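Engineer: Right, I'll just put the structure down here and ask away after.
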Protein chains: 2
Amino acid sequence: MIQKMLDYFNSVHPMSSELSDAVVGITEIKDYPKKTILLKEGQVANHACFVIKGLARGYYTAGEKEVTRLFMDEGFIITSWLSFYSRQPAHEAIELLEDCTLACMHHDDLQKIYAAFPEFNILGRKVTERFFYLSERRSLMLRRHTAEEKYQMFVEQYPTLFQRIAQKQIATYLGISEETLSRVRAKMLKKS
Amino acid sequence: MIQKMLDYFNSVHPMSSELSDAVVGITEIKDYPKKTILLKEGQVANHACFVIKGLARGYYTAGEKEVTRLFMDEGFIITSWLSFYSRQPAHEAIELLEDCTLACMHHDDLQKIYAAFPEFNILGRKVTERFFYLSERRSLMLRRHTAEEKYQMFVEQYPTLFQRIAQKQIATYLGISEETLSRVRAKMLKKS
DNA sequence: TTACGTTCTTGACATTTGTCAAGATTTGCC
DNA sequence: GGCAAATCTTGACAAATGTCAAGAACGTAA
């Protein structure tokens, strides 16, 4: 189980076996059922959880409505990075959309490893860069595009994911209304 | 001059005097005139430049139009992070909006410091985290808000900056047309 | 199976924003 | 100062998207 996470870390930056052991030492494998709220708005994100199996979403509430900011599936690390890094209350919540198996690390334990193994900071930096990259890519996708373009990009970028997610959540993710998404889909079906 | 950069680095993570000297050793202070293109789309970003004085913008071209992704002023580090770290061609260009004084470090020299001073990786990681944080915050601001809300947030968040930047660039940054921005401003003036 | 709640679709209409075009204002430069 | 270029403003209209409301389709549990 935990091997999936180690494989991922090693692919980012190879770890010595001592470092690897230390990482395993602070990692806890947990199963959570669908609909679990892993993090509430206003809480500090103390854990970073590698997704071994399952799917989650990060969202925030604006007025009455929930706006989905991102989806996190296998190979992703679940946390509110803003909160996890800054130690400030999160502005977003995290909800599991499917039953999940997660490999969780506590912030403080992670800091100890950063201190004990300076080279782990290279890995930390690269993981951060990777999520930075994904975040920027999402942000770019949402900028200056029509509803139709955004949905097409979403389907192309996440060909398996979009079938696992309710449309109203895809809609808030894309920043369009549920109805508009429905119409876009109808229009695309006609064409093909 | 270079002290401003050292102060910033030390505030992120304290540096030993040896490390500090090594950083100074690879840093070059340069003056560039307004309108200089520091990085073109398709080039690899070889430098990371701390802004001592001045202002720049990162943008990409979508079809005919330029879309401004971010502004970088004093205390910011100018580069395309994605390109700088991945050594891949950048998807964005960087243009100076004012005459600038920059403290520039070359990617390869920086790598040597990472190797010689493992603890510098801590600083590198934290700087990356900080820019990730700023990126996410920008991304949030642009989501699900009206033109008026976005402009108000921009003014509040960058009270000094918005007076230094042409409106059409603020408009592309906010993802709205120049005309809409102009109307929003007119409307806000009336109210106050 | 039925009954219920949720999700998805569709129509009518309102609102926001974009586009095009013209004119006003500001800026840079000789 | 005065001209040219760039920037900003304003109006009229078009396009995209949102909102409200109703009904269809789907999944789930008794």
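Following the order of the structure tokens, first chain is A, next is B, and so on, with residues numbered from 1 inside each chain and ligands from 1 in the order they appear.
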Once chain A is fitted onto chain B by least squares over all its in-order Cα atoms, send the moved chain as an mmCIF file with C-alpha atoms, in the first residue's frame.
Structural biologist:
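Ended up saving to result25.cif:
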```
data_model
loop_
_atom_site.group_PDB
_atom_site.id
_atom_site.type_symbol
_atom_site.label_atom_id
_atom_site.label_comp_id
_atom_site.auth_asym_id
_atom_site.auth_seq_id
_atom_site.Cartn_x
_atom_site.Cartn_y
_atom_site.Cartn_z
ATOM 1 C CA MET A 1 21.690 46.979 -3.098
ATOM 2 C CA ILE A 2 22.085 43.250 -2.839
ATOM 3 C CA GLN A 3 21.433 43.610 0.878
ATOM 4 C CA LYS A 4 17.719 43.867 0.149
ATOM 5 C CA MET A 5 17.756 40.405 -1.296
ATOM 6 C CA LEU A 6 19.821 38.978 1.561
ATOM 7 C CA ASP A 7 17.433 40.551 4.053
ATOM 8 C CA TYR A 8 14.571 38.898 2.277
ATOM 9 C CA PHE A 9 16.273 35.507 2.222
ATOM 10 C CA ASN A 10 17.232 35.766 5.885
ATOM 11 C CA SER A 11 13.666 36.618 6.802
ATOM 12 C CA VAL A 12 12.559 33.418 5.092
ATOM 13 C CA HIS A 13 15.253 31.244 6.661
ATOM 14 C CA PRO A 14 18.455 32.496 8.311
ATOM 15 C CA MET A 15 21.628 31.890 6.331
ATOM 16 C CA SER A 16 25.127 31.268 7.639
ATOM 17 C CA SER A 17 27.716 33.797 6.503
ATOM 18 C CA GLU A 18 29.345 31.144 4.274
ATOM 19 C CA LEU A 19 26.051 30.504 2.562
ATOM 20 C CA SER A 20 25.382 34.205 2.328
ATOM 21 C CA ASP A 21 28.755 34.744 0.664
ATOM 22 C CA ALA A 22 28.104 31.930 -1.769
ATOM 23 C CA VAL A 23 24.775 33.478 -2.737
ATOM 24 C CA VAL A 24 26.365 36.865 -3.244
ATOM 25 C CA GLY A 25 29.003 35.168 -5.376
ATOM 26 C CA ILE A 26 26.491 33.958 -7.941
ATOM 27 C CA THR A 27 24.357 37.099 -7.975
ATOM 28 C CA GLU A 28 24.666 39.796 -10.567
ATOM 29 C CA ILE A 29 23.089 43.220 -10.147
ATOM 30 C CA LYS A 30 21.735 44.586 -13.397
ATOM 31 C CA ASP A 31 19.836 47.639 -14.586
ATOM 32 C CA TYR A 32 17.351 47.301 -17.393
ATOM 33 C CA PRO A 33 15.237 49.976 -19.084
ATOM 34 C CA LYS A 34 11.484 49.905 -19.271
ATOM 35 C CA LYS A 35 9.977 47.704 -21.993
ATOM 36 C CA THR A 36 12.868 45.227 -21.918
ATOM 37 C CA ILE A 37 11.681 41.701 -22.643
ATOM 38 C CA LEU A 38 13.447 39.584 -20.018
ATOM 39 C CA LEU A 39 12.003 36.323 -21.262
ATOM 40 C CA LYS A 40 10.257 35.354 -24.473
ATOM 41 C CA GLU A 41 7.649 32.661 -24.887
ATOM 42 C CA GLY A 42 9.440 29.519 -25.962
ATOM 43 C CA GLN A 43 12.696 30.326 -24.174
ATOM 44 C CA VAL A 44 13.890 28.443 -21.119
ATOM 45 C CA ALA A 45 14.014 30.675 -18.030
ATOM 46 C CA ASN A 46 17.619 30.437 -16.900
ATOM 47 C CA HIS A 47 17.536 33.227 -14.374
ATOM 48 C CA ALA A 48 15.651 34.081 -11.237
ATOM 49 C CA CYS A 49 15.845 37.814 -10.556
ATOM 50 C CA PHE A 50 15.012 39.471 -7.267
ATOM 51 C CA VAL A 51 13.410 42.874 -7.912
ATOM 52 C CA ILE A 52 15.310 45.586 -6.041
ATOM 53 C CA LYS A 53 13.495 48.362 -7.848
ATOM 54 C CA GLY A 54 10.882 48.448 -10.591
ATOM 55 C CA LEU A 55 7.939 46.538 -11.928
ATOM 56 C CA ALA A 56 7.387 43.790 -14.485
ATOM 57 C CA ARG A 57 4.594 41.649 -15.803
ATOM 58 C CA GLY A 58 4.337 38.047 -16.946
ATOM 59 C CA TYR A 59 1.976 37.417 -19.822
ATOM 60 C CA TYR A 60 1.164 34.941 -22.521
ATOM 61 C CA THR A 61 -0.410 35.384 -25.916
ATOM 62 C CA ALA A 62 -3.714 33.726 -26.672
ATOM 63 C CA GLY A 63 -4.568 34.143 -30.311
ATOM 64 C CA GLU A 64 -4.206 37.842 -31.047
ATOM 65 C CA LYS A 65 -4.245 39.004 -27.477
ATOM 66 C CA GLU A 66 -1.879 39.240 -24.567
ATOM 67 C CA VAL A 67 -3.115 37.992 -21.229
ATOM 68 C CA THR A 68 -1.267 39.294 -18.187
ATOM 69 C CA ARG A 69 -0.795 36.565 -15.632
ATOM 70 C CA LEU A 70 0.900 38.477 -12.834
ATOM 71 C CA PHE A 71 2.735 41.623 -11.861
ATOM 72 C CA MET A 72 6.085 41.523 -10.107
ATOM 73 C CA ASP A 73 7.352 44.474 -8.116
ATOM 74 C CA GLU A 74 9.910 45.146 -5.389
ATOM 75 C CA GLY A 75 10.608 42.074 -3.265
ATOM 76 C CA PHE A 76 9.286 39.721 -5.900
ATOM 77 C CA ILE A 77 11.395 37.217 -7.777
ATOM 78 C CA ILE A 78 11.061 37.442 -11.539
ATOM 79 C CA THR A 79 11.118 34.232 -13.483
ATOM 80 C CA SER A 80 8.812 31.751 -15.102
ATOM 81 C CA TRP A 81 8.752 29.230 -12.278
ATOM 82 C CA LEU A 82 7.323 26.532 -14.498
ATOM 83 C CA SER A 83 10.149 26.889 -16.950
ATOM 84 C CA PHE A 84 12.840 27.551 -14.369
ATOM 85 C CA TYR A 85 12.014 24.336 -12.490
ATOM 86 C CA SER A 86 11.168 22.072 -15.374
ATOM 87 C CA ARG A 87 13.867 23.360 -17.746
ATOM 88 C CA GLN A 88 11.220 23.397 -20.444
ATOM 89 C CA PRO A 89 10.421 26.345 -22.718
ATOM 90 C CA ALA A 90 8.273 28.938 -21.000
ATOM 91 C CA HIS A 91 4.685 29.478 -22.005
ATOM 92 C CA GLU A 92 4.890 33.048 -20.872
ATOM 93 C CA ALA A 93 6.908 36.153 -21.557
ATOM 94 C CA ILE A 94 8.175 38.728 -19.106
ATOM 95 C CA GLU A 95 8.274 42.442 -19.866
ATOM 96 C CA LEU A 96 9.537 45.257 -17.691
ATOM 97 C CA LEU A 97 6.941 47.971 -17.155
ATOM 98 C CA GLU A 98 9.399 50.357 -15.479
ATOM 99 C CA ASP A 99 13.159 50.798 -15.356
ATOM 100 C CA CYS A 100 14.376 48.005 -13.083
ATOM 101 C CA THR A 101 17.276 47.086 -10.859
ATOM 102 C CA LEU A 102 17.452 43.320 -10.543
ATOM 103 C CA ALA A 103 19.592 40.824 -8.623
ATOM 104 C CA CYS A 104 19.908 37.871 -10.958
ATOM 105 C CA MET A 105 20.976 34.284 -10.309
ATOM 106 C CA HIS A 106 21.541 31.635 -12.933
ATOM 107 C CA HIS A 107 19.733 28.337 -12.567
ATOM 108 C CA ASP A 108 22.895 26.237 -12.731
ATOM 109 C CA ASP A 109 24.711 28.335 -10.142
ATOM 110 C CA LEU A 110 21.737 27.995 -7.868
ATOM 111 C CA GLN A 111 21.793 24.211 -8.227
ATOM 112 C CA LYS A 112 25.420 24.211 -7.145
ATOM 113 C CA ILE A 113 24.466 26.037 -3.977
ATOM 114 C CA TYR A 114 21.619 23.626 -3.334
ATOM 115 C CA ALA A 115 24.128 20.780 -3.586
ATOM 116 C CA ALA A 116 26.856 22.432 -1.528
ATOM 117 C CA PHE A 117 24.549 23.747 1.214
ATOM 118 C CA PRO A 118 21.713 21.262 1.868
ATOM 119 C CA GLU A 119 20.133 23.715 4.310
ATOM 120 C CA PHE A 120 19.683 26.129 1.415
ATOM 121 C CA ASN A 121 17.009 23.739 0.203
ATOM 122 C CA ILE A 122 14.956 24.726 3.214
ATOM 123 C CA LEU A 123 15.102 28.307 2.054
ATOM 124 C CA GLY A 124 14.403 27.232 -1.504
ATOM 125 C CA ARG A 125 11.417 25.262 -0.375
ATOM 126 C CA LYS A 126 10.053 28.110 1.692
ATOM 127 C CA VAL A 127 10.493 30.627 -1.095
ATOM 128 C CA THR A 128 8.715 28.223 -3.404
ATOM 129 C CA GLU A 129 5.935 27.833 -0.851
ATOM 130 C CA ARG A 130 5.587 31.571 -0.642
ATOM 131 C CA PHE A 131 5.249 31.984 -4.379
ATOM 132 C CA PHE A 132 2.996 28.948 -4.437
ATOM 133 C CA TYR A 133 0.839 30.733 -1.891
ATOM 134 C CA LEU A 134 0.733 33.951 -3.902
ATOM 135 C CA SER A 135 -0.083 32.029 -7.040
ATOM 136 C CA GLU A 136 -2.954 30.221 -5.338
ATOM 137 C CA ARG A 137 -4.239 33.480 -3.929
ATOM 138 C CA ARG A 138 -4.277 35.057 -7.374
ATOM 139 C CA SER A 139 -6.002 32.012 -8.737
ATOM 140 C CA LEU A 140 -8.656 32.136 -6.031
ATOM 141 C CA MET A 141 -9.283 35.812 -6.633
ATOM 142 C CA LEU A 142 -10.039 35.183 -10.255
ATOM 143 C CA ARG A 143 -12.450 32.332 -9.587
ATOM 144 C CA ARG A 144 -16.158 32.802 -9.382
ATOM 145 C CA HIS A 145 -16.195 36.555 -8.924
ATOM 146 C CA THR A 146 -17.784 39.355 -10.872
ATOM 147 C CA ALA A 147 -15.722 41.981 -12.683
ATOM 148 C CA GLU A 148 -16.488 44.499 -9.958
ATOM 149 C CA GLU A 149 -15.461 42.182 -7.131
ATOM 150 C CA LYS A 150 -12.236 41.305 -8.846
ATOM 151 C CA TYR A 151 -11.289 44.916 -9.410
ATOM 152 C CA GLN A 152 -12.058 45.822 -5.818
ATOM 153 C CA MET A 153 -9.940 42.956 -4.562
ATOM 154 C CA PHE A 154 -7.132 44.010 -6.849
ATOM 155 C CA VAL A 155 -7.183 47.576 -5.566
ATOM 156 C CA GLU A 156 -7.296 46.423 -1.962
ATOM 157 C CA GLN A 157 -4.526 43.915 -2.404
ATOM 158 C CA TYR A 158 -2.250 46.170 -4.423
ATOM 159 C CA PRO A 159 -3.135 49.709 -3.335
ATOM 160 C CA THR A 160 0.072 51.204 -4.705
ATOM 161 C CA LEU A 161 0.485 48.930 -7.677
ATOM 162 C CA PHE A 162 -2.722 49.682 -9.521
ATOM 163 C CA GLN A 163 -1.687 53.277 -10.058
ATOM 164 C CA ARG A 164 1.498 52.222 -11.798
ATOM 165 C CA ILE A 165 -0.151 49.953 -14.326
ATOM 166 C CA ALA A 166 -2.083 50.706 -17.518
ATOM 167 C CA GLN A 167 -5.726 49.750 -17.267
ATOM 168 C CA LYS A 168 -5.763 47.523 -20.247
ATOM 169 C CA GLN A 169 -3.161 45.367 -18.554
ATOM 170 C CA ILE A 170 -5.092 45.256 -15.327
ATOM 171 C CA ALA A 171 -8.087 44.228 -17.422
ATOM 172 C CA THR A 172 -6.354 41.249 -19.014
ATOM 173 C CA TYR A 173 -4.977 40.323 -15.612
ATOM 174 C CA LEU A 174 -8.479 40.261 -14.147
ATOM 175 C CA GLY A 175 -9.773 38.360 -17.135
ATOM 176 C CA ILE A 176 -12.196 41.067 -18.238
ATOM 177 C CA SER A 177 -12.303 43.424 -21.187
ATOM 178 C CA GLU A 178 -10.848 46.901 -21.041
ATOM 179 C CA GLU A 179 -14.300 48.388 -21.563
ATOM 180 C CA THR A 180 -15.852 46.456 -18.725
ATOM 181 C CA LEU A 181 -13.084 47.611 -16.400
ATOM 182 C CA SER A 182 -13.667 51.190 -17.457
ATOM 183 C CA ARG A 183 -17.369 50.860 -16.676
ATOM 184 C CA VAL A 184 -16.676 49.258 -13.316
ATOM 185 C CA ARG A 185 -14.399 52.147 -12.415
ATOM 186 C CA ALA A 186 -16.990 54.702 -13.470
ATOM 187 C CA LYS A 187 -19.603 52.952 -11.378
ATOM 188 C CA MET A 188 -17.345 52.869 -8.330
ATOM 189 C CA LEU A 189 -16.539 56.571 -8.642
ATOM 190 C CA LYS A 190 -20.218 57.442 -8.577
ATOM 191 C CA LYS A 191 -20.800 55.506 -5.369
ATOM 192 C CA SER A 192 -18.088 57.265 -3.401
#
```
Engineer: Quick one: residues within 10 Å of C:DA24, only C-alpha atoms (C1' of nucleotides) counted, chain neighbours fewer than 6 positions away excluded, as an NGL selection string?
Structural biologist: :D and (8-10)
Engineer: Just write the chosen residues, C-alpha atoms (C1' of nucleotides), as a compact mmCIF listing (two decimals), in the first residue's frame.
Structural biologist:
```txt
# COMPACT_ATOMS: atom_id res chain seq x y z
C1' DC D 8 -9.08 55.76 -21.61
C1' DT D 9 -14.12 56.65 -21.88
C1' DT D 10 -18.75 56.22 -23.63
```
Engineer: Show me, as a VMD selection string, every residue of chain C with an atom at most 9 Å from chain A, counting only C-alpha atoms (C1' of nucleotides).
Structural biologist: chain C and resid 7 to 10
Engineer: Would you list which chain D residues are within 9 Å of chain A using only C-alpha atoms (C1' of nucleotides), as a list in words?
Structural biologist: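 Selected residues: DA16, DT17 and DG18 of chain D.
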Engineer: For the selection just defined, write its residues with N, CA and C atoms (P, O5', C5', C4', C3', O3' and C1' of nucleotides) to a file, as a tab-separated table (two decimals), in the first residue's frame.
Structural biologist:
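What follows is the written file selection_5.tsv:
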```
chain	number	residue	atom	x	y	z
D	16	DA	P	-21.79	33.51	-28.49
D	16	DA	O5'	-21.62	33.53	-26.92
D	16	DA	C5'	-20.56	34.29	-26.33
D	16	DA	C4'	-20.73	34.27	-24.82
D	16	DA	C3'	-21.01	32.88	-24.25
D	16	DA	O3'	-20.12	32.68	-23.17
D	16	DA	C1'	-22.69	34.42	-23.55
D	17	DT	P	-20.06	31.29	-22.43
D	17	DT	O5'	-21.04	31.56	-21.20
D	17	DT	C5'	-20.74	32.62	-20.31
D	17	DT	C4'	-21.90	32.85	-19.39
D	17	DT	C3'	-22.39	31.59	-18.65
D	17	DT	O3'	-22.04	31.75	-17.28
D	17	DT	C1'	-24.18	32.99	-19.38
D	18	DG	P	-22.69	30.84	-16.14
D	18	DG	O5'	-23.93	31.71	-15.65
D	18	DG	C5'	-23.68	33.03	-15.16
D	18	DG	C4'	-24.93	33.59	-14.49
D	18	DG	C3'	-25.55	32.67	-13.44
D	18	DG	O3'	-26.00	33.46	-12.34
D	18	DG	C1'	-27.12	33.07	-15.19
```
Engineer: List every residue of stretch 42-189 of chain A that DSSP, applied to the backbone of this structure, places in alpha helix (DSSP H), and write the result as JSON, numbers by chain.
Structural biologist: {"A": [81, 82, 83, 84, 85, 86, 107, 108, 109, 110, 111, 112, 113, 114, 115, 116, 120, 121, 122, 123, 124, 125, 126, 127, 128, 129, 130, 131, 132, 133, 134, 135, 136, 137, 138, 139, 140, 141, 142, 147, 148, 149, 150, 151, 152, 153, 154, 155, 156, 157, 167, 168, 169, 170, 171, 172, 173, 174, 178, 179, 180, 181, 182, 183, 184, 185, 186, 187, 188, 189]}
Engineer: Rank nothing, just name the residue among D:DT19, D:DC13, D:DA29, D:DA24 nearest to C:DC13, using only C-alpha atoms (C1' of nucleotides).
Structural biologist: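 The answer is D:DT19, which sits nearest to C:DC13.
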Engineer: Step one, run DSSP on the backbone; step two, keep only residues of stretch 25-84 of chain A assigned to strand (DSSP E); then write them as a PyMOL selection string.
Structural biologist: chain A and resi 27-32+37-39+47-53+56-62+65-72+77-78
Engineer: What would the file look like if the residues just selected were written as an mmCIF file, in the first residue's frame with N, CA and C atoms?
Structural biologist:
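New file out.cif:
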```
data_model
loop_
_atom_site.group_PDB
_atom_site.id
_atom_site.type_symbol
_atom_site.label_atom_id
_atom_site.label_comp_id
_atom_site.auth_asym_id
_atom_site.auth_seq_id
_atom_site.Cartn_x
_atom_site.Cartn_y
_atom_site.Cartn_z
ATOM 1 N N THR A 27 4.140 7.891 8.568
ATOM 2 C CA THR A 27 2.964 7.769 7.706
ATOM 3 C C THR A 27 1.949 6.781 8.269
ATOM 4 N N GLU A 28 0.715 7.195 8.207
ATOM 5 C CA GLU A 28 -0.362 6.346 8.709
ATOM 6 C C GLU A 28 -1.343 6.062 7.574
ATOM 7 N N ILE A 29 -1.609 4.785 7.341
ATOM 8 C CA ILE A 29 -2.566 4.417 6.299
ATOM 9 C C ILE A 29 -3.962 4.388 6.911
ATOM 10 N N LYS A 30 -4.882 5.093 6.260
ATOM 11 C CA LYS A 30 -6.236 5.142 6.817
ATOM 12 C C LYS A 30 -7.281 4.941 5.730
ATOM 13 N N ASP A 31 -8.393 4.319 6.125
ATOM 14 C CA ASP A 31 -9.538 4.194 5.223
ATOM 15 C C ASP A 31 -10.645 5.117 5.709
ATOM 16 N N TYR A 32 -11.227 5.824 4.768
ATOM 17 C CA TYR A 32 -12.334 6.712 5.109
ATOM 18 C C TYR A 32 -13.499 6.426 4.162
ATOM 19 N N ILE A 37 -15.741 14.499 5.668
ATOM 20 C CA ILE A 37 -15.130 15.826 5.536
ATOM 21 C C ILE A 37 -13.750 15.754 6.184
ATOM 22 N N LEU A 38 -12.708 15.786 5.376
ATOM 23 C CA LEU A 38 -11.346 15.659 5.913
ATOM 24 C C LEU A 38 -10.885 16.958 6.548
ATOM 25 N N LEU A 39 -11.375 18.058 5.993
ATOM 26 C CA LEU A 39 -10.953 19.372 6.487
ATOM 27 C C LEU A 39 -12.125 20.322 6.352
ATOM 28 N N HIS A 47 -2.547 17.728 8.168
ATOM 29 C CA HIS A 47 -2.081 16.541 7.455
ATOM 30 C C HIS A 47 -1.969 16.757 5.958
ATOM 31 N N ALA A 48 -1.018 16.029 5.383
ATOM 32 C CA ALA A 48 -0.941 15.897 3.933
ATOM 33 C C ALA A 48 -1.131 14.416 3.661
ATOM 34 N N CYS A 49 -2.109 14.081 2.826
ATOM 35 C CA CYS A 49 -2.476 12.681 2.616
ATOM 36 C C CYS A 49 -2.335 12.285 1.146
ATOM 37 N N PHE A 50 -1.469 11.332 0.912
ATOM 38 C CA PHE A 50 -1.290 10.793 -0.431
ATOM 39 C C PHE A 50 -2.470 9.866 -0.734
ATOM 40 N N VAL A 51 -3.102 10.048 -1.890
ATOM 41 C CA VAL A 51 -4.279 9.237 -2.223
ATOM 42 C C VAL A 51 -3.849 7.919 -2.863
ATOM 43 N N ILE A 52 -4.036 6.836 -2.134
ATOM 44 C CA ILE A 52 -3.732 5.500 -2.669
ATOM 45 C C ILE A 52 -4.904 5.023 -3.514
ATOM 46 N N LYS A 53 -6.102 5.278 -3.019
ATOM 47 C CA LYS A 53 -7.303 4.919 -3.755
ATOM 48 C C LYS A 53 -8.411 5.908 -3.404
ATOM 49 N N ALA A 56 -11.379 12.887 -4.035
ATOM 50 C CA ALA A 56 -11.865 13.922 -3.128
ATOM 51 C C ALA A 56 -11.976 15.238 -3.890
ATOM 52 N N ARG A 57 -12.616 16.193 -3.239
ATOM 53 C CA ARG A 57 -12.656 17.525 -3.845
ATOM 54 C C ARG A 57 -12.375 18.575 -2.775
ATOM 55 N N GLY A 58 -11.755 19.665 -3.196
ATOM 56 C CA GLY A 58 -11.558 20.823 -2.338
ATOM 57 C C GLY A 58 -12.536 21.878 -2.778
ATOM 58 N N TYR A 59 -13.212 22.515 -1.846
ATOM 59 C CA TYR A 59 -14.194 23.522 -2.235
ATOM 60 C C TYR A 59 -14.270 24.593 -1.158
ATOM 61 N N TYR A 60 -14.819 25.725 -1.546
ATOM 62 C CA TYR A 60 -15.086 26.750 -0.545
ATOM 63 C C TYR A 60 -16.508 27.227 -0.750
ATOM 64 N N THR A 61 -17.052 27.877 0.266
ATOM 65 C CA THR A 61 -18.423 28.357 0.155
ATOM 66 C C THR A 61 -18.404 29.856 -0.070
ATOM 67 N N ALA A 62 -19.141 30.259 -1.098
ATOM 68 C CA ALA A 62 -19.258 31.683 -1.416
ATOM 69 C C ALA A 62 -20.729 32.011 -1.317
ATOM 70 N N LYS A 65 -23.445 29.220 -1.955
ATOM 71 C CA LYS A 65 -23.032 28.144 -2.838
ATOM 72 C C LYS A 65 -21.628 27.607 -2.577
ATOM 73 N N GLU A 66 -21.464 26.351 -2.934
ATOM 74 C CA GLU A 66 -20.146 25.736 -2.846
ATOM 75 C C GLU A 66 -19.464 25.823 -4.205
ATOM 76 N N VAL A 67 -18.212 26.240 -4.180
ATOM 77 C CA VAL A 67 -17.431 26.302 -5.402
ATOM 78 C C VAL A 67 -16.294 25.291 -5.296
ATOM 79 N N THR A 68 -16.293 24.323 -6.209
ATOM 80 C CA THR A 68 -15.240 23.308 -6.181
ATOM 81 C C THR A 68 -13.976 23.876 -6.815
ATOM 82 N N ARG A 69 -12.891 23.773 -6.083
ATOM 83 C CA ARG A 69 -11.637 24.343 -6.565
ATOM 84 C C ARG A 69 -10.777 23.317 -7.300
ATOM 85 N N LEU A 70 -10.815 22.085 -6.818
ATOM 86 C CA LEU A 70 -10.029 21.040 -7.488
ATOM 87 C C LEU A 70 -10.484 19.658 -7.055
ATOM 88 N N PHE A 71 -10.165 18.691 -7.893
ATOM 89 C CA PHE A 71 -10.413 17.290 -7.575
ATOM 90 C C PHE A 71 -9.075 16.615 -7.319
ATOM 91 N N MET A 72 -9.077 15.663 -6.409
ATOM 92 C CA MET A 72 -7.830 14.979 -6.060
ATOM 93 C C MET A 72 -8.057 13.477 -6.094
ATOM 94 N N ILE A 77 -1.855 14.501 -3.651
ATOM 95 C CA ILE A 77 -1.723 14.672 -2.216
ATOM 96 C C ILE A 77 -2.827 15.615 -1.753
ATOM 97 N N ILE A 78 -3.632 15.110 -0.817
ATOM 98 C CA ILE A 78 -4.750 15.890 -0.302
ATOM 99 C C ILE A 78 -4.304 16.760 0.852
#
```
Engineer: At what distance in Å, to one decimal, does atom C1' of C:DG23 lie from atom C1' of D:DC3?
Structural biologist: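 A separation of 17.9 Å between them.
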